[in-house]
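Okay, so here's the structure we're looking at.
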Amino acid sequence: MFGPALVKLVYTCIIVGSMATEFEKVFEWKQLSHAKLPDFNKVASDGIPRLLGDAENEIFQAYNNVPMGATHHKNRVFISIPRRRPGVPATLNVIDLSKVVKGDRSPALSAYPSYLTNALKPGFEADLNRLVSVYRTRVDACERLWFVDTGMVTYPDRELQVQRPQLWIIDLKRDKLFHRYTIPKSIVAEGVGMVSLAVDVEQSNCSAAFAYIPDLIENAIYVYSLQDDDMWSYKHSSFAYDRARANFHVAGHRFEWDDGVFSIAVGPHDPATGSKLIFYHPMVSTTEFGTTASVLQNKSIALSNNYEGLFHPLGDRGPNTQSTMHHYDSLTGVMFYAEVNRNSIGCWNTTQGYGADNHAVVHLDNRELIYPSDLNSDANGTLWVLTNTFPVWLYSRLNDSDYNYRLWRQNSSVAIQGTKCEN
């Protein structure tokens, strides 16, 4: 699969399929709200500690709650809000679609699994039974919700590693904690760079699951084995950002970023290697890279530090195609990209060579599709995309009388109709 035709870089312009079916807008919010937010100013018997001292930052401040991740599973959407500013009462939230009133385009959130689990302790005291800051989540084939709690608040005037970063796994059939793994200092000192993950597991063997966790700051990929309850790391030159692609222009704001490896997608089984293909890219890059699951899952290879030739460049998507998340859809054989620098969702049919001439756009909107922060698929093959206008929030100020956050969806087969990604 990773042969010369795929590795060859192509820099021609992307040809956009004019007949692509755009995504459906499911919800949109001017500002987020909570359905039943506990009263943090009163002493109550609800088991939630009162907020004192520095931890008063949890008192809800709507403007500071920017959704970064969205994952759908069986009529529930899990929304993650990292603690980048004070006033975030819950970093992990849920919307029960069955309870959303018809016509409500801006439903309120509820903390998941509870407000107690999401509550910061007074004085930022560490408590590994609680969540500090979650960026994105994923649901595996065994109906388990996986995510990394970075354990870190990153306020403009204060960055603090409250506790060790942890990998959480929640059984969604029972809404109970399935497993939790504390990431040791021998792997990484701070958790701030772990903003996404990919889960590799077969429904027939749920215990043999692996999580692949990119670290955009350390330029590393951490691999966790559920069966061994162990983690190891890879560092490679391809995990670093591309200085030539560091310039962004989003919603009128020009800036430079240096985010390294950001998204990992689990691809199809490759007969040539006898393993699944693994795709990855830094966000500040337009190049896609690849390796295999058999490489990542081999701790001995990781410890040997002799793996430079086991990670390969596949090709370049073309100018302005910097991407946050991407996802391989097994139903169509198509890779979908959340392209933040041109407000679009892109696609590539993996049966074709990797290059700009084989990429297409399935949805582009310079007004409403601003900064697609998350993209993934549910068990039914429906793609879900979250857009959050993040650079405007970061560098200036959002208009809180306008819609700033949107959740989109589309069937993967429908999305590529009329484009070169269609089989």
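Chain labels follow the order of the structure tokens: the first chain is A, the next B, and so on; residue numbering restarts at 1 in every chain, and ligands are counted from 1 in their shown order.
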
For this session: Find the residues around segment 299-308 of chain A up to 8 Å (only C-alpha atoms counted), leave out those fewer than 3 positions away in its own chain, and share them as a VMD selection string.
Result: chain A and resid 232 to 234 236 295 to 296 311

Exercise. Which residues in segment 180-394 of chain A does DSSP call helix (DSSP H, G or I)? List them as an MDAnalysis selection string.
Worked result: chainID A and resid 237:239 243:245 293:296 299:304 308:310 356:358 390:394

Please build the interface table for segment 66-113 of chain A against segment 356-375 of chain A with a cut-off of 9 Å, listing for each qualifying residue the nearest atom pair and the distance in Å to one decimal; count only C-alpha atoms, order rows by chain and increasing number, and write it as CSV.
```
residue,atom,partner,partner_atom,distance
A:Pro67,CA,A:Ser373,CA,8.6
A:Met68,CA,A:Ser373,CA,5.9
A:Gly69,CA,A:Asp374,CA,5.4
A:Ala70,CA,A:Asp374,CA,6.5
A:Thr71,CA,A:Leu375,CA,8.3
```

Selection from above, all heavy atoms, as a PDB file, in the first residue's frame, can you write it?
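Saved result, again.pdb, follows:
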```
ATOM      1  N   PRO A  67     -16.599  24.351  22.916  1.00  0.00           N
ATOM      2  CA  PRO A  67     -16.556  22.903  22.656  1.00  0.00           C
ATOM      3  C   PRO A  67     -15.441  22.565  21.677  1.00  0.00           C
ATOM      4  O   PRO A  67     -15.250  23.246  20.670  1.00  0.00           O
ATOM      5  CB  PRO A  67     -17.934  22.625  22.055  1.00  0.00           C
ATOM      6  CG  PRO A  67     -18.313  23.912  21.382  1.00  0.00           C
ATOM      7  CD  PRO A  67     -17.744  25.001  22.265  1.00  0.00           C
ATOM      8  N   MET A  68     -14.700  21.506  21.984  1.00  0.00           N
ATOM      9  CA  MET A  68     -13.586  21.116  21.133  1.00  0.00           C
ATOM     10  C   MET A  68     -13.802  19.758  20.478  1.00  0.00           C
ATOM     11  O   MET A  68     -13.266  19.485  19.405  1.00  0.00           O
ATOM     12  CB  MET A  68     -12.291  21.090  21.951  1.00  0.00           C
ATOM     13  CG  MET A  68     -11.027  21.150  21.127  1.00  0.00           C
ATOM     14  SD  MET A  68     -10.804  22.708  20.223  1.00  0.00           S
ATOM     15  CE  MET A  68     -10.521  23.857  21.563  1.00  0.00           C
ATOM     16  N   GLY A  69     -14.608  18.898  21.118  1.00  0.00           N
ATOM     17  CA  GLY A  69     -14.827  17.565  20.573  1.00  0.00           C
ATOM     18  C   GLY A  69     -16.282  17.161  20.642  1.00  0.00           C
ATOM     19  O   GLY A  69     -17.022  17.601  21.526  1.00  0.00           O
ATOM     20  N   ALA A  70     -16.712  16.311  19.691  1.00  0.00           N
ATOM     21  CA  ALA A  70     -18.077  15.790  19.671  1.00  0.00           C
ATOM     22  C   ALA A  70     -18.059  14.373  19.119  1.00  0.00           C
ATOM     23  O   ALA A  70     -17.488  14.123  18.053  1.00  0.00           O
ATOM     24  CB  ALA A  70     -18.994  16.676  18.834  1.00  0.00           C
ATOM     25  N   THR A  71     -18.675  13.451  19.851  1.00  0.00           N
ATOM     26  CA  THR A  71     -18.745  12.050  19.439  1.00  0.00           C
ATOM     27  C   THR A  71     -20.172  11.556  19.635  1.00  0.00           C
ATOM     28  O   THR A  71     -20.750  11.735  20.706  1.00  0.00           O
ATOM     29  CB  THR A  71     -17.793  11.179  20.288  1.00  0.00           C
ATOM     30  OG1 THR A  71     -16.466  11.706  20.203  1.00  0.00           O
ATOM     31  CG2 THR A  71     -17.795   9.742  19.798  1.00  0.00           C
TER      32      THR A  71
END
```

For this session: Take atom CA of Asn388 of chain A and atom CA of Tyr405 of chain A and report the distance between them in Å, one decimal.
Result: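 So the answer is 4.5 Å.
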
Show me, as JSON lines, the residues of segment 195-239 of chain A having an atom within 10 Å of segment 122-143 of chain A, each with the closest atom pair and its distance in Å, using only C-alpha atoms.
```
{"residue": "A:Val195", "atom": "CA", "partner": "A:Tyr135", "partner_atom": "CA", "distance": 5.2}
{"residue": "A:Ser196", "atom": "CA", "partner": "A:Arg136", "partner_atom": "CA", "distance": 5.4}
{"residue": "A:Leu197", "atom": "CA", "partner": "A:Arg138", "partner_atom": "CA", "distance": 7.3}
{"residue": "A:Ala198", "atom": "CA", "partner": "A:Arg138", "partner_atom": "CA", "distance": 7.0}
{"residue": "A:Val199", "atom": "CA", "partner": "A:Asp140", "partner_atom": "CA", "distance": 6.3}
{"residue": "A:Asp200", "atom": "CA", "partner": "A:Asp140", "partner_atom": "CA", "distance": 7.7}
{"residue": "A:Val201", "atom": "CA", "partner": "A:Ala141", "partner_atom": "CA", "distance": 6.8}
{"residue": "A:Glu202", "atom": "CA", "partner": "A:Ala141", "partner_atom": "CA", "distance": 6.5}
{"residue": "A:Gln203", "atom": "CA", "partner": "A:Ala141", "partner_atom": "CA", "distance": 5.3}
{"residue": "A:Ser204", "atom": "CA", "partner": "A:Cys142", "partner_atom": "CA", "distance": 8.6}
{"residue": "A:Asn205", "atom": "CA", "partner": "A:Cys142", "partner_atom": "CA", "distance": 8.8}
{"residue": "A:Cys206", "atom": "CA", "partner": "A:Cys142", "partner_atom": "CA", "distance": 6.1}
{"residue": "A:Ser207", "atom": "CA", "partner": "A:Cys142", "partner_atom": "CA", "distance": 9.4}
{"residue": "A:Ala209", "atom": "CA", "partner": "A:Asp140", "partner_atom": "CA", "distance": 9.0}
```

Could you write those residues out with N, CA and C atoms, as a PDB file, in the first residue's frame?
```
ATOM      1  N   VAL A 195      -4.347  15.840  22.781  1.00  0.00           N
ATOM      2  CA  VAL A 195      -5.669  16.421  22.522  1.00  0.00           C
ATOM      3  C   VAL A 195      -6.557  15.513  21.674  1.00  0.00           C
ATOM      4  N   SER A 196      -6.096  14.316  21.347  1.00  0.00           N
ATOM      5  CA  SER A 196      -6.916  13.387  20.581  1.00  0.00           C
ATOM      6  C   SER A 196      -6.401  11.975  20.798  1.00  0.00           C
ATOM      7  N   LEU A 197      -7.111  11.000  20.266  1.00  0.00           N
ATOM      8  CA  LEU A 197      -6.653   9.624  20.292  1.00  0.00           C
ATOM      9  C   LEU A 197      -7.427   8.822  19.260  1.00  0.00           C
ATOM     10  N   ALA A 198      -6.877   7.668  18.906  1.00  0.00           N
ATOM     11  CA  ALA A 198      -7.556   6.705  18.044  1.00  0.00           C
ATOM     12  C   ALA A 198      -7.544   5.369  18.760  1.00  0.00           C
ATOM     13  N   VAL A 199      -8.622   4.594  18.603  1.00  0.00           N
ATOM     14  CA  VAL A 199      -8.745   3.292  19.259  1.00  0.00           C
ATOM     15  C   VAL A 199      -8.757   2.210  18.187  1.00  0.00           C
ATOM     16  N   ASP A 200      -7.950   1.188  18.391  1.00  0.00           N
ATOM     17  CA  ASP A 200      -7.816   0.079  17.451  1.00  0.00           C
ATOM     18  C   ASP A 200      -8.249  -1.201  18.156  1.00  0.00           C
ATOM     19  N   VAL A 201      -9.419  -1.737  17.789  1.00  0.00           N
ATOM     20  CA  VAL A 201      -9.937  -2.942  18.440  1.00  0.00           C
ATOM     21  C   VAL A 201     -10.955  -3.598  17.525  1.00  0.00           C
ATOM     22  N   GLU A 202     -11.087  -4.905  17.651  1.00  0.00           N
ATOM     23  CA  GLU A 202     -12.116  -5.640  16.939  1.00  0.00           C
ATOM     24  C   GLU A 202     -13.211  -6.046  17.918  1.00  0.00           C
ATOM     25  N   GLN A 203     -14.456  -6.008  17.471  1.00  0.00           N
ATOM     26  CA  GLN A 203     -15.583  -6.343  18.334  1.00  0.00           C
ATOM     27  C   GLN A 203     -15.489  -7.771  18.859  1.00  0.00           C
ATOM     28  N   SER A 204     -14.823  -8.628  18.109  1.00  0.00           N
ATOM     29  CA  SER A 204     -14.692 -10.029  18.497  1.00  0.00           C
ATOM     30  C   SER A 204     -13.658 -10.258  19.590  1.00  0.00           C
ATOM     31  N   ASN A 205     -12.849  -9.235  19.891  1.00  0.00           N
ATOM     32  CA  ASN A 205     -11.786  -9.397  20.898  1.00  0.00           C
ATOM     33  C   ASN A 205     -11.576  -8.064  21.610  1.00  0.00           C
ATOM     34  N   CYS A 206     -12.547  -7.713  22.460  1.00  0.00           N
ATOM     35  CA  CYS A 206     -12.539  -6.388  23.080  1.00  0.00           C
ATOM     36  C   CYS A 206     -11.369  -6.174  24.037  1.00  0.00           C
ATOM     37  N   SER A 207     -10.808  -7.241  24.576  1.00  0.00           N
ATOM     38  CA  SER A 207      -9.709  -7.088  25.535  1.00  0.00           C
ATOM     39  C   SER A 207      -8.397  -6.724  24.853  1.00  0.00           C
ATOM     40  N   ALA A 209      -7.462  -4.356  22.899  1.00  0.00           N
ATOM     41  CA  ALA A 209      -7.590  -3.001  22.347  1.00  0.00           C
ATOM     42  C   ALA A 209      -6.301  -2.217  22.529  1.00  0.00           C
TER      43      ALA A 209
END
```

For this session: Grab the atom CA of Gly267 of chain A to atom CA of Thr21 of chain A distance for me, in Å with one decimal place.
Result: 23.8 Å

Seminar exercise, completed: Using only C-alpha atoms, the best pick from A:Ile345, A:Asn399, A:Phe289, A:Thr350 as closest to Leu386 of chain A would be A:Ile345

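Of the residues listed (A:Ala35, A:Ile59, A:Val66, A:Ala244), A:Ala244 shows the shortest atom-to-atom separation from Thr286 of chain A; distances use only C-alpha atoms.
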
Problem set entry | Spatial neighbours of segment 177-192 of chain A, 7 Å, only C-alpha atoms, chain gap at least 5 places, as a VMD selection string | chain A and resid 150 to 152 161 164 to 171 232 to 233

Exercise. Could you pull out all residues of segment 163-341 of chain A with a DSSP call of strand (DSSP E) and give them as JSON, numbers by chain?
Worked result: {"A": [166, 167, 168, 169, 170, 171, 176, 177, 178, 179, 180, 181, 182, 198, 199, 200, 201, 202, 205, 206, 207, 208, 209, 210, 211, 212, 213, 214, 215, 220, 221, 222, 223, 224, 225, 230, 231, 232, 233, 234, 235, 247, 248, 249, 250, 253, 254, 255, 256, 261, 262, 263, 264, 265, 266, 267, 268, 269, 270, 275, 276, 277, 278, 279, 280, 281, 282, 287, 288, 289, 290, 291, 292, 312, 313, 314, 315, 316, 323, 324, 325, 326, 327, 328, 329, 334, 335, 336, 337, 338, 339]}

Exercise. So how many Å separate atom CA of Thr117 of chain A and atom CA of Pro391 of chain A, to one decimal?
Worked result: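 Atom CA of Pro391 of chain A lies at a distance of 29.2 Å from atom CA of Thr117 of chain A.
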
For this session: Would you kindly return, as a ChimeraX atom specification, each protein, DNA or RNA residue with an atom no farther than 10 Å from any atom of segment 411-421 of chain A, considering only C-alpha atoms and excluding same-chain residues fewer than 3 positions away?
Result: /A:15-24,329-336,345-352,357-363,377-378,380-384

Exercise. Using only C-alpha atoms, which residue out of A:Pro89, A:Gly252, A:Gly355, A:Pro156 lies closest to Leu37 of chain A?
Worked result: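 Of A:Pro89, A:Gly252, A:Gly355, A:Pro156, the one nearest Leu37 of chain A, counting only C-alpha atoms, is A:Pro89.
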